[in-house]
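Chemist: Okay, here's the structure, questions in a sec.
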4 protein chains.
Amino acid sequence: MERIDVGILGATGTVGQQFIALLAGHPWFRVSWLAASERSAGKRYGDLAWRLPSPLPADVARLEVAPLDAFDKAPSLVFSALDSSVAGEAETTFASSGRLVVSNARNHRMDPLVPLLIPEVNPDHLSLLDDQRRARGLKGSGGIVTNPNCAAINIAVVLAGLRQFEITRVLVTTLQALSGAGYPGVASLDALGNVIPYIGGGEEEKVETETRKLLGTYESGAVRNAPFTVSATTTRVPVADGHTAVMSVELAKKPSLEEVAAALAAFTSEPQQRHLPLAPNPPIVVHAAQDRPQPRLDVQHGRGMTVHVGRIRSCPILGYKLVALGHNVVRGAAGAALLNAELIVARQRSGADAHPHRNLETVPAVGEVQTHQA
Amino acid sequence: MERIDVGILGATGTVGQQFIALLAGHPWFRVSWLAASERSAGKRYGDLAWRLPSPLPADVARLEVAPLDAFDKAPSLVFSALDSSVAGEAETTFASSGRLVVSNARNHRMDPLVPLLIPEVNPDHLSLLDDQRRARGLKGSGGIVTNPNCAAINIAVVLAGLRQFEITRVLVTTLQALSGAGYPGVASLDALGNVIPYIGGGEEEKVETETRKLLGTYESGAVRNAPFTVSATTTRVPVADGHTAVMSVELAKKPSLEEVAAALAAFTSEPQQRHLPLAPNPPIVVHAAQDRPQPRLDVQHGRGMTVHVGRIRSCPILGYKLVALGHNVVRGAAGAALLNAELIVARQRSGADAHPHRNLETVPAVGEVQTHQA
Amino acid sequence: MERIDVGILGATGTVGQQFIALLAGHPWFRVSWLAASERSAGKRYGDLAWRLPSPLPADVARLEVAPLDAFDKAPSLVFSALDSSVAGEAETTFASSGRLVVSNARNHRMDPLVPLLIPEVNPDHLSLLDDQRRARGLKGSGGIVTNPNCAAINIAVVLAGLRQFEITRVLVTTLQALSGAGYPGVASLDALGNVIPYIGGGEEEKVETETRKLLGTYESGAVRNAPFTVSATTTRVPVADGHTAVMSVELAKKPSLEEVAAALAAFTSEPQQRHLPLAPNPPIVVHAAQDRPQPRLDVQHGRGMTVHVGRIRSCPILGYKLVALGHNVVRGAAGAALLNAELIVARQRSGADAHPHRNLETVPAVGEVQTHQA
Amino acid sequence: MERIDVGILGATGTVGQQFIALLAGHPWFRVSWLAASERSAGKRYGDLAWRLPSPLPADVARLEVAPLDAFDKAPSLVFSALDSSVAGEAETTFASSGRLVVSNARNHRMDPLVPLLIPEVNPDHLSLLDDQRRARGLKGSGGIVTNPNCAAINIAVVLAGLRQFEITRVLVTTLQALSGAGYPGVASLDALGNVIPYIGGGEEEKVETETRKLLGTYESGAVRNAPFTVSATTTRVPVADGHTAVMSVELAKKPSLEEVAAALAAFTSEPQQRHLPLAPNPPIVVHAAQDRPQPRLDVQHGRGMTVHVGRIRSCPILGYKLVALGHNVVRGAAGAALLNAELIVARQRSGADAHPHRNLETVPAVGEVQTHQA
């Protein structure tokens, strides 16, 4: 099977580099095009600072970084790791030019016609992509698909595992890793031996609102938010990778603690059924040891895509307490977008495309277009 | 004014050393006697490892460490920083021998006849000391007074500031410092760049139960627990000193956020009115900057006795959210016990002793007995 | 090819666990037996605390931990990760019972009949094993082979790359990782945000003496120490894995800086030529970027077996300066011993055994004995 | 005694804030004027971010920040904490306008007419200030006095204590704190659990050259560099405050180790003799415990002005080894400049002015000018 050419917008940042690391040796995708801001455009990617422990693939090192306005040179599928200060306009431009933008940026997440997608949580929301294309007259593969905020994603996966018990209220405190702030991000003098009880950019609001869209219901071209209430406090702790979420949850059906643990451990979804390359299996690992999950020991599990749950116990106020953990740059950012792209391509290839109204002749599939370019 | 001789049980641990540091130059107390476990007994204190940045006072360095069973040599007032594995029995023995034990250990905290005391929160609970003495036939200054767990104390001070609004429910997640586990405590490989989502020794239960006793009501020889519900998750983070508590609180009287902030900032109590040497004034500092309080910047304020509150805002579930911070070894341990002792001595000296039924002739005041020994 | 059964002495410590992790899926070896101190003996290994991010292999988890005196049950090849307090006697006992002990412990390193071996540095020293067997009448595979201290090993590999220029003096300051102290090791309160300018257990002396034995010359049954002088200061820094060594070196032949860099980059040895499974290739990576090597970015390279060198420049005092880095638990401990075992087995299997005087009938090869047991 | 008005150039950075903290309650100086770059100019200082644990003094909080070109409003004595990108020109302008600039910036340090001053090391070099004034026709208090780089200063103080033994060679490796890079400085992802083996801005060259000027000889209007050789490697470690220096020293007079320790412990100089307010006494503390000095335990000693030495022992290559430690922002920056100013003022006031050729009528003393303005 030929690999599909993909591009990366914002290739030099923390998430952009993680895209490259995850795509190294990917069975379906091949990085053939990179774009970044003025400062890096025109340079050879291998001459820029690479800040990940895993090696920079030689074929990517050779690529020249394109400017963000070179959308006409981009392959049909582009991942966006752009900063929110530029992502809004740039992603719209790429989508209008017929590119499928699978984005990690926050700008379009709450757009009613843009899927806010976690393949394990709400794969049916992908239908919004067709609604988006039709409503906005996007040609070719054009469109935008987003993944949620790095703190919201772990919480949403856990809630998806509990959905059957009818969630009514969720109170969450996060202990978030430094890599969530990008690079250079948090100053070391603020981070070392310290807790910062606030994360800028509307982090708490994102957790509260994105979670409800993610767990919402797709119906005739729109997503209705889930009816539960979320209250979030987000803090920064001196951890490199891995957002911890301390959660209290109210469940209308009042399952036993054993039922909660069993439901989370048994949770599975379309990415696992389709054996998507990056899909963790199981998506949620439930820990029995009461001092787990821990970032240092657990966050790399499942190539960083596993969501971990531990300390399931009673909450005298909301009924259920637990601690969740996920890799914020993988499961919460680059891996999230990559899994979104895998789902889109897998559906197209399998013919099990959930878009019956889509005109495949005028709107070529991502894979087809890409391999022509390869 | 002559200074009162005091002893320290468990003088070699983290809290024991903090007692010595806080008592250096204390206007009322003078460290004249130290006791510790077998391993250190018989040694000169200055020959043991001193692990605090502040210097070891020369007069304390010269003291020889007594064994824990040498209670007959101890002054009338002893502070206990003993480990809970030995504190229970040892403190009972010292109390029976006529010593007033002002303890940081957990063993006797929930004893119905032992005051669990924070001078700003429940000074009237000190009356239990007389009930204890009578019920148990303790002679002289004999008795046990305790301070709460290092995580519970900050929370209780904040709740004391909110008591007027009728607290009904409290949901709290703590991010606790490494010094809370003593020395050597947490292994560095577990601490560095990590979060441990669990603290042993019943930490969460302590927060949930001690808080209710602290805010409870003293009536005719007994404390009735406060009627609110507390749900706690306690975690360990790589911070040296300073426990952060992320709190959601339900208040029956539904004050505005401004009223909550004003009440906390205006909160004051007996230690401030009596100008106790270690009393922070104000006891609670309310921060307006949204990224405060932070351990690195705030924990040393007020000699480590100040409780900090920030991020006061609405909680869609319980009504009010805030972040609290306090120095766990000072406000939460050694300083807590020291302030308890200051309150006891100040009441005796002022004649404003709240113990009308106490027979001062048969139960000499701590200060009197001590200065005879000096 | 059948895999050889191997045992691990001291299987529960930091280095013991790293042996298990490195042996997972090893093409030649299979962990079939584990031993540890009283405290763990008799337990299922999977029930003990596993503290590595990589998963504990299921087949090892099922093994029961044997006591240290059960040498008669051990396979012919055992790796020793024992603490030095027990390693001396235990390893002698295992060797006397016909087991080949490939040890990371320090006890026998300076024994004139025990090879202190780094396969890239002094593979010819392995001949001492035969001298040892004959002199001590060891039967079967019996014998002890050691690898150097975790700080000495990186330094020795670098010096091996410079040997051709005639080393006369070496002055080194190390910045060593916390994992070098084992578990629980350094207290977090001592480690966090701190430098400890001393490492106990004779660390500096080990660097100074082991380096000279490693670079020494094997001649007729004995190793003559290398004639250069080493001066070491060893410090502990808050890094999880990776010992950094800041080195100044005097070279009699006065090569140019380019010649030094080229020699280090081109350095290769028997493990690379034999394609040993764990041999890094190249063994030394020379970095051009002046802010490298760094533990966070480089230490996992080559499965943790690569030695990194950067900042090659002139020293106004000794002539040459550079910074070296290696993974202390892999290259400096478990991986070192494993590579030693690979070298021994590879030589036996290839027939290129460097022990012409060895009686193969009375001293069966490790591999043969082991596979009989498998 | 009236306090002298002082100004601070670069008042918003790490060193600028430390100046304000150290000057709080200073018996001789009073902060009356602040200047900073465009970004902060015009703002009330109390409205800018204060990043030190010690409180911002209320009277400084009220000051408005002046732009850097408002030199005509500055008091006669200004401390400079400017970044080297702007310090060169700005300090020259202030000096030309009759202000005495006591600077921490590197720009003028190696100027042959500018004193590079540590009051304990080379107080006689202050004579260069008069040479400077005459040569450059500076009026009033005009002139520039500098203190060395934060890494060089600890080393130079130690070498001053050893000067009597005739220093010939010094090989040093530093482990430098994060605050040495200012704010925001090092990114937390680079700092956490890592060592960066390189510090930009010519750090190693500064240590090598400034040390020799500091220990040099003032003779007839010029400083002749000390004749010893220095070789430095400077690294960054995850410590907040406190530069550690691992030193090997060659001493021609070959004292015993006891003589070295005694000389360092007995070292004293003009600041101690004059009882300057910020002078540590003794300037060097020699530690007997082999695991000291440590940043966490020792760096705050003597208000951060003490230099610590430990681990004095033989070096098989250069003769003597030791570990030194000092607070990089206090002893190594703001405190260094402040002590320089104290020395200047004390000499003037005592009449023991070492500038016999100075025309006091045309060049008014700093103190006189300042108090007129006050």
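Ordering of the structure tokens sets the chain letters (A, B, ...), residue numbers begin anew at 1 in every chain, and ligands are numbered from 1 in the order given.
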So that I can check the surroundings of segment 164-179 of chain A, please list as a ChimeraX atom specification every protein, DNA and RNA residue that reaches within 8 Å of it, counting only C-alpha atoms and ignoring chain neighbours fewer than 2 positions away.

Modeler: /A:14,151,159,161-162,181-183,185-186,191,227-255,318,328-329 /B:173,246,317 /D:188-189

Chemist: Those same residues, written as a short mmCIF file (atom, residue, chain, number, x, y, z; two decimals), in the first residue's frame with N, CA and C atoms?

Modeler:
```cif
data_model
loop_
_atom_site.label_atom_id
_atom_site.label_comp_id
_atom_site.auth_asym_id
_atom_site.auth_seq_id
_atom_site.Cartn_x
_atom_site.Cartn_y
_atom_site.Cartn_z
N THR A 14 6.64 22.37 19.72
CA THR A 14 6.60 21.13 20.48
C THR A 14 5.67 20.11 19.85
N ALA A 151 -5.82 18.93 27.92
CA ALA A 151 -6.36 18.55 29.23
C ALA A 151 -7.74 17.93 29.08
N LEU A 159 -14.73 9.89 30.44
CA LEU A 159 -16.19 10.08 30.48
C LEU A 159 -16.89 9.21 29.45
N GLY A 161 -16.04 6.29 28.67
CA GLY A 161 -16.15 4.98 29.29
C GLY A 161 -17.23 4.90 30.35
N LEU A 162 -17.66 6.06 30.82
CA LEU A 162 -18.68 6.09 31.89
C LEU A 162 -20.05 6.52 31.36
N ALA A 181 2.66 23.76 27.62
CA ALA A 181 2.81 25.19 27.33
C ALA A 181 3.72 25.45 26.15
N GLY A 182 4.14 24.39 25.45
CA GLY A 182 5.00 24.57 24.29
C GLY A 182 6.42 24.95 24.68
N TYR A 183 7.17 25.45 23.69
CA TYR A 183 8.57 25.78 23.91
C TYR A 183 8.85 27.19 23.45
N GLY A 185 7.91 28.14 26.47
CA GLY A 185 6.88 27.90 27.47
C GLY A 185 7.18 28.48 28.83
N VAL A 186 6.99 27.68 29.84
CA VAL A 186 7.13 28.14 31.22
C VAL A 186 8.60 28.37 31.54
N ALA A 191 8.94 27.17 37.22
CA ALA A 191 8.53 25.77 37.21
C ALA A 191 9.20 24.95 38.30
N PRO A 227 -25.53 17.03 28.35
CA PRO A 227 -26.24 17.85 29.33
C PRO A 227 -25.57 17.92 30.70
N PHE A 228 -24.40 17.32 30.88
CA PHE A 228 -23.81 17.38 32.22
C PHE A 228 -23.06 18.70 32.46
N THR A 229 -22.75 18.96 33.72
CA THR A 229 -22.02 20.16 34.13
C THR A 229 -20.58 19.79 34.44
N VAL A 230 -19.63 20.65 34.02
CA VAL A 230 -18.22 20.42 34.31
C VAL A 230 -17.67 21.65 35.03
N SER A 231 -16.92 21.41 36.09
CA SER A 231 -16.21 22.48 36.79
C SER A 231 -14.74 22.10 36.84
N ALA A 232 -13.89 22.98 36.33
CA ALA A 232 -12.46 22.64 36.21
C ALA A 232 -11.56 23.67 36.86
N THR A 233 -10.51 23.19 37.51
CA THR A 233 -9.38 24.02 37.92
C THR A 233 -8.15 23.40 37.30
N THR A 234 -7.38 24.22 36.58
CA THR A 234 -6.20 23.68 35.89
C THR A 234 -4.94 24.31 36.48
N THR A 235 -3.97 23.46 36.83
CA THR A 235 -2.73 23.94 37.43
C THR A 235 -1.53 23.38 36.68
N ARG A 236 -0.39 24.02 36.86
CA ARG A 236 0.84 23.58 36.21
C ARG A 236 1.81 23.05 37.26
N VAL A 237 2.35 21.87 37.01
CA VAL A 237 3.30 21.25 37.94
C VAL A 237 4.59 20.90 37.20
N PRO A 238 5.71 20.75 37.93
CA PRO A 238 6.99 20.48 37.27
C PRO A 238 7.16 19.04 36.81
N VAL A 239 6.38 18.68 35.81
CA VAL A 239 6.42 17.38 35.16
C VAL A 239 6.67 17.67 33.69
N ALA A 240 7.48 16.87 33.03
CA ALA A 240 7.77 17.14 31.62
C ALA A 240 6.57 16.81 30.74
N ASP A 241 6.11 15.57 30.80
CA ASP A 241 4.99 15.12 29.96
C ASP A 241 3.98 14.36 30.79
N GLY A 242 2.69 14.61 30.57
CA GLY A 242 1.64 13.86 31.26
C GLY A 242 0.76 14.75 32.10
N HIS A 243 -0.48 14.90 31.67
CA HIS A 243 -1.46 15.67 32.44
C HIS A 243 -2.21 14.71 33.35
N THR A 244 -2.20 15.01 34.64
CA THR A 244 -2.98 14.24 35.61
C THR A 244 -4.29 14.98 35.87
N ALA A 245 -5.39 14.24 35.94
CA ALA A 245 -6.70 14.85 36.24
C ALA A 245 -7.31 14.13 37.43
N VAL A 246 -7.56 14.89 38.49
CA VAL A 246 -8.24 14.35 39.67
C VAL A 246 -9.72 14.65 39.48
N MET A 247 -10.52 13.59 39.35
CA MET A 247 -11.92 13.77 38.95
C MET A 247 -12.91 13.26 40.00
N SER A 248 -13.97 14.03 40.20
CA SER A 248 -15.14 13.55 40.92
C SER A 248 -16.30 13.57 39.92
N VAL A 249 -17.03 12.48 39.88
CA VAL A 249 -18.07 12.33 38.85
C VAL A 249 -19.37 11.87 39.50
N GLU A 250 -20.46 12.45 39.03
CA GLU A 250 -21.78 12.02 39.46
C GLU A 250 -22.43 11.21 38.34
N LEU A 251 -22.90 10.03 38.67
CA LEU A 251 -23.49 9.13 37.67
C LEU A 251 -24.91 8.79 38.11
N ALA A 252 -25.86 9.11 37.25
CA ALA A 252 -27.27 8.96 37.63
C ALA A 252 -27.63 7.51 37.91
N LYS A 253 -27.01 6.59 37.21
CA LYS A 253 -27.40 5.19 37.36
C LYS A 253 -26.76 4.50 38.56
N LYS A 254 -25.92 5.21 39.27
CA LYS A 254 -25.32 4.71 40.52
C LYS A 254 -24.76 3.29 40.41
N PRO A 255 -23.81 3.09 39.52
CA PRO A 255 -23.16 1.76 39.45
C PRO A 255 -22.29 1.55 40.70
N LEU A 318 -19.95 13.68 45.14
CA LEU A 318 -20.49 13.40 43.80
C LEU A 318 -20.64 11.90 43.52
N ASN A 328 0.13 14.45 27.27
CA ASN A 328 -0.50 15.64 26.71
C ASN A 328 -0.05 15.98 25.30
N VAL A 329 1.18 15.63 24.93
CA VAL A 329 1.64 15.98 23.57
C VAL A 329 1.27 14.88 22.58
N THR B 173 -8.79 18.96 46.36
CA THR B 173 -7.66 18.20 45.84
C THR B 173 -6.40 18.91 46.31
N VAL B 246 -6.70 22.83 46.14
CA VAL B 246 -7.70 23.32 45.19
C VAL B 246 -9.06 22.97 45.75
N ILE B 317 -20.65 23.79 40.08
CA ILE B 317 -21.23 22.65 40.81
C ILE B 317 -21.47 22.99 42.27
N SER D 188 11.84 25.76 30.93
CA SER D 188 11.72 24.70 31.94
C SER D 188 11.92 23.33 31.32
N LEU D 189 11.52 23.13 30.07
CA LEU D 189 11.72 21.82 29.45
C LEU D 189 13.20 21.51 29.25
#
```

Chemist: I want to know what sits within 6 Å of Cys150 of chain D, based on only C-alpha atoms, with residues of the same chain fewer than 3 positions away left out; could you give that as a PyMOL selection string?

Modeler: chain D and resi 153+328+332-333

Chemist: How would the residues just chosen look if you wrote them out with C-alpha atoms as a PDB file, in the first residue's frame?

Modeler:
```pdb
ATOM      1  CA  ILE D 153      33.234  35.980  41.695  1.00  0.00           C
ATOM      2  CA  ASN D 328      24.935  33.986  42.092  1.00  0.00           C
ATOM      3  CA  GLY D 332      27.576  37.153  42.304  1.00  0.00           C
ATOM      4  CA  ALA D 333      25.568  40.168  41.136  1.00  0.00           C
TER       5      ALA D 333
END
```

Chemist: Residues of chain D within 9 Å of chain B: nearest atom pair and distance (Å, one decimal) for each, counting only C-alpha atoms, sorted by chain and number, as CSV?

Modeler:
```
residue,atom,partner,partner_atom,distance
D:Arg51,CA,B:Leu297,CA,7.0
D:Leu52,CA,B:Leu297,CA,6.2
D:Pro53,CA,B:Leu297,CA,4.3
D:Ser54,CA,B:His301,CA,7.8
D:Pro55,CA,B:His301,CA,8.3
D:Leu192,CA,B:Gly193,CA,7.2
D:Gly193,CA,B:Gly193,CA,7.1
D:Arg296,CA,B:Pro53,CA,6.8
D:Leu297,CA,B:Pro53,CA,4.3
D:Asp298,CA,B:Pro53,CA,6.2
D:Val299,CA,B:Pro53,CA,8.1
D:Gln300,CA,B:Pro53,CA,7.2
D:His301,CA,B:Ser54,CA,7.8
```

Chemist: Can you pull out every residue from segment 52-107 of chain D that DSSP, working from the backbone, puts in alpha helix (DSSP H), and format the result as an mmCIF file with N, CA and C atoms, in the first residue's frame?

Modeler:
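The result, written out as selection.cif:
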```cif
data_model
loop_
_atom_site.group_PDB
_atom_site.id
_atom_site.type_symbol
_atom_site.label_atom_id
_atom_site.label_comp_id
_atom_site.auth_asym_id
_atom_site.auth_seq_id
_atom_site.Cartn_x
_atom_site.Cartn_y
_atom_site.Cartn_z
ATOM 1 N N ALA D 58 7.109 48.860 50.058
ATOM 2 C CA ALA D 58 5.998 49.734 49.635
ATOM 3 C C ALA D 58 6.504 51.024 49.003
ATOM 4 N N ASP D 59 7.597 51.589 49.539
ATOM 5 C CA ASP D 59 8.052 52.870 48.981
ATOM 6 C C ASP D 59 8.644 52.712 47.589
ATOM 7 N N VAL D 60 9.180 51.536 47.295
ATOM 8 C CA VAL D 60 9.685 51.292 45.942
ATOM 9 C C VAL D 60 8.515 51.004 44.999
ATOM 10 N N ALA D 61 7.506 50.316 45.504
ATOM 11 C CA ALA D 61 6.338 49.997 44.670
ATOM 12 C C ALA D 61 5.698 51.264 44.116
ATOM 13 N N SER D 84 23.411 43.229 28.817
ATOM 14 C CA SER D 84 24.604 43.673 28.106
ATOM 15 C C SER D 84 24.281 44.249 26.735
ATOM 16 N N SER D 85 23.100 43.951 26.209
ATOM 17 C CA SER D 85 22.749 44.496 24.902
ATOM 18 C C SER D 85 22.587 46.016 24.942
ATOM 19 N N VAL D 86 22.277 46.566 26.101
ATOM 20 C CA VAL D 86 22.102 48.016 26.202
ATOM 21 C C VAL D 86 23.037 48.670 27.216
ATOM 22 N N ALA D 87 23.680 47.861 28.068
ATOM 23 C CA ALA D 87 24.437 48.428 29.184
ATOM 24 C C ALA D 87 25.613 49.272 28.713
ATOM 25 N N GLY D 88 26.275 48.852 27.653
ATOM 26 C CA GLY D 88 27.500 49.541 27.242
ATOM 27 C C GLY D 88 27.289 51.021 27.056
ATOM 28 N N GLU D 89 26.398 51.364 26.173
ATOM 29 C CA GLU D 89 26.167 52.759 25.863
ATOM 30 C C GLU D 89 25.500 53.498 27.017
ATOM 31 N N ALA D 90 24.493 52.869 27.612
ATOM 32 C CA ALA D 90 23.742 53.557 28.665
ATOM 33 C C ALA D 90 24.647 53.909 29.838
ATOM 34 N N GLU D 91 25.495 52.977 30.247
ATOM 35 C CA GLU D 91 26.349 53.259 31.395
ATOM 36 C C GLU D 91 27.346 54.376 31.098
ATOM 37 N N THR D 92 27.846 54.381 29.870
ATOM 38 C CA THR D 92 28.750 55.457 29.478
ATOM 39 C C THR D 92 28.050 56.805 29.563
ATOM 40 N N THR D 93 26.817 56.851 29.112
ATOM 41 C CA THR D 93 26.061 58.105 29.165
ATOM 42 C C THR D 93 25.854 58.573 30.599
ATOM 43 N N PHE D 94 25.461 57.648 31.459
ATOM 44 C CA PHE D 94 25.242 58.016 32.863
ATOM 45 C C PHE D 94 26.552 58.500 33.495
ATOM 46 N N ALA D 95 27.639 57.818 33.202
ATOM 47 C CA ALA D 95 28.922 58.221 33.780
ATOM 48 C C ALA D 95 29.320 59.608 33.284
ATOM 49 N N SER D 96 29.097 59.858 32.002
ATOM 50 C CA SER D 96 29.449 61.157 31.430
ATOM 51 C C SER D 96 28.632 62.279 32.044
#
```

Chemist: In segment 14-120 of chain C, what's strand (DSSP E or B) per DSSP? Answer as a VMD selection string?

Modeler: chain C and resid 29 to 36 44 64 to 67 77 to 80 100 to 103 116
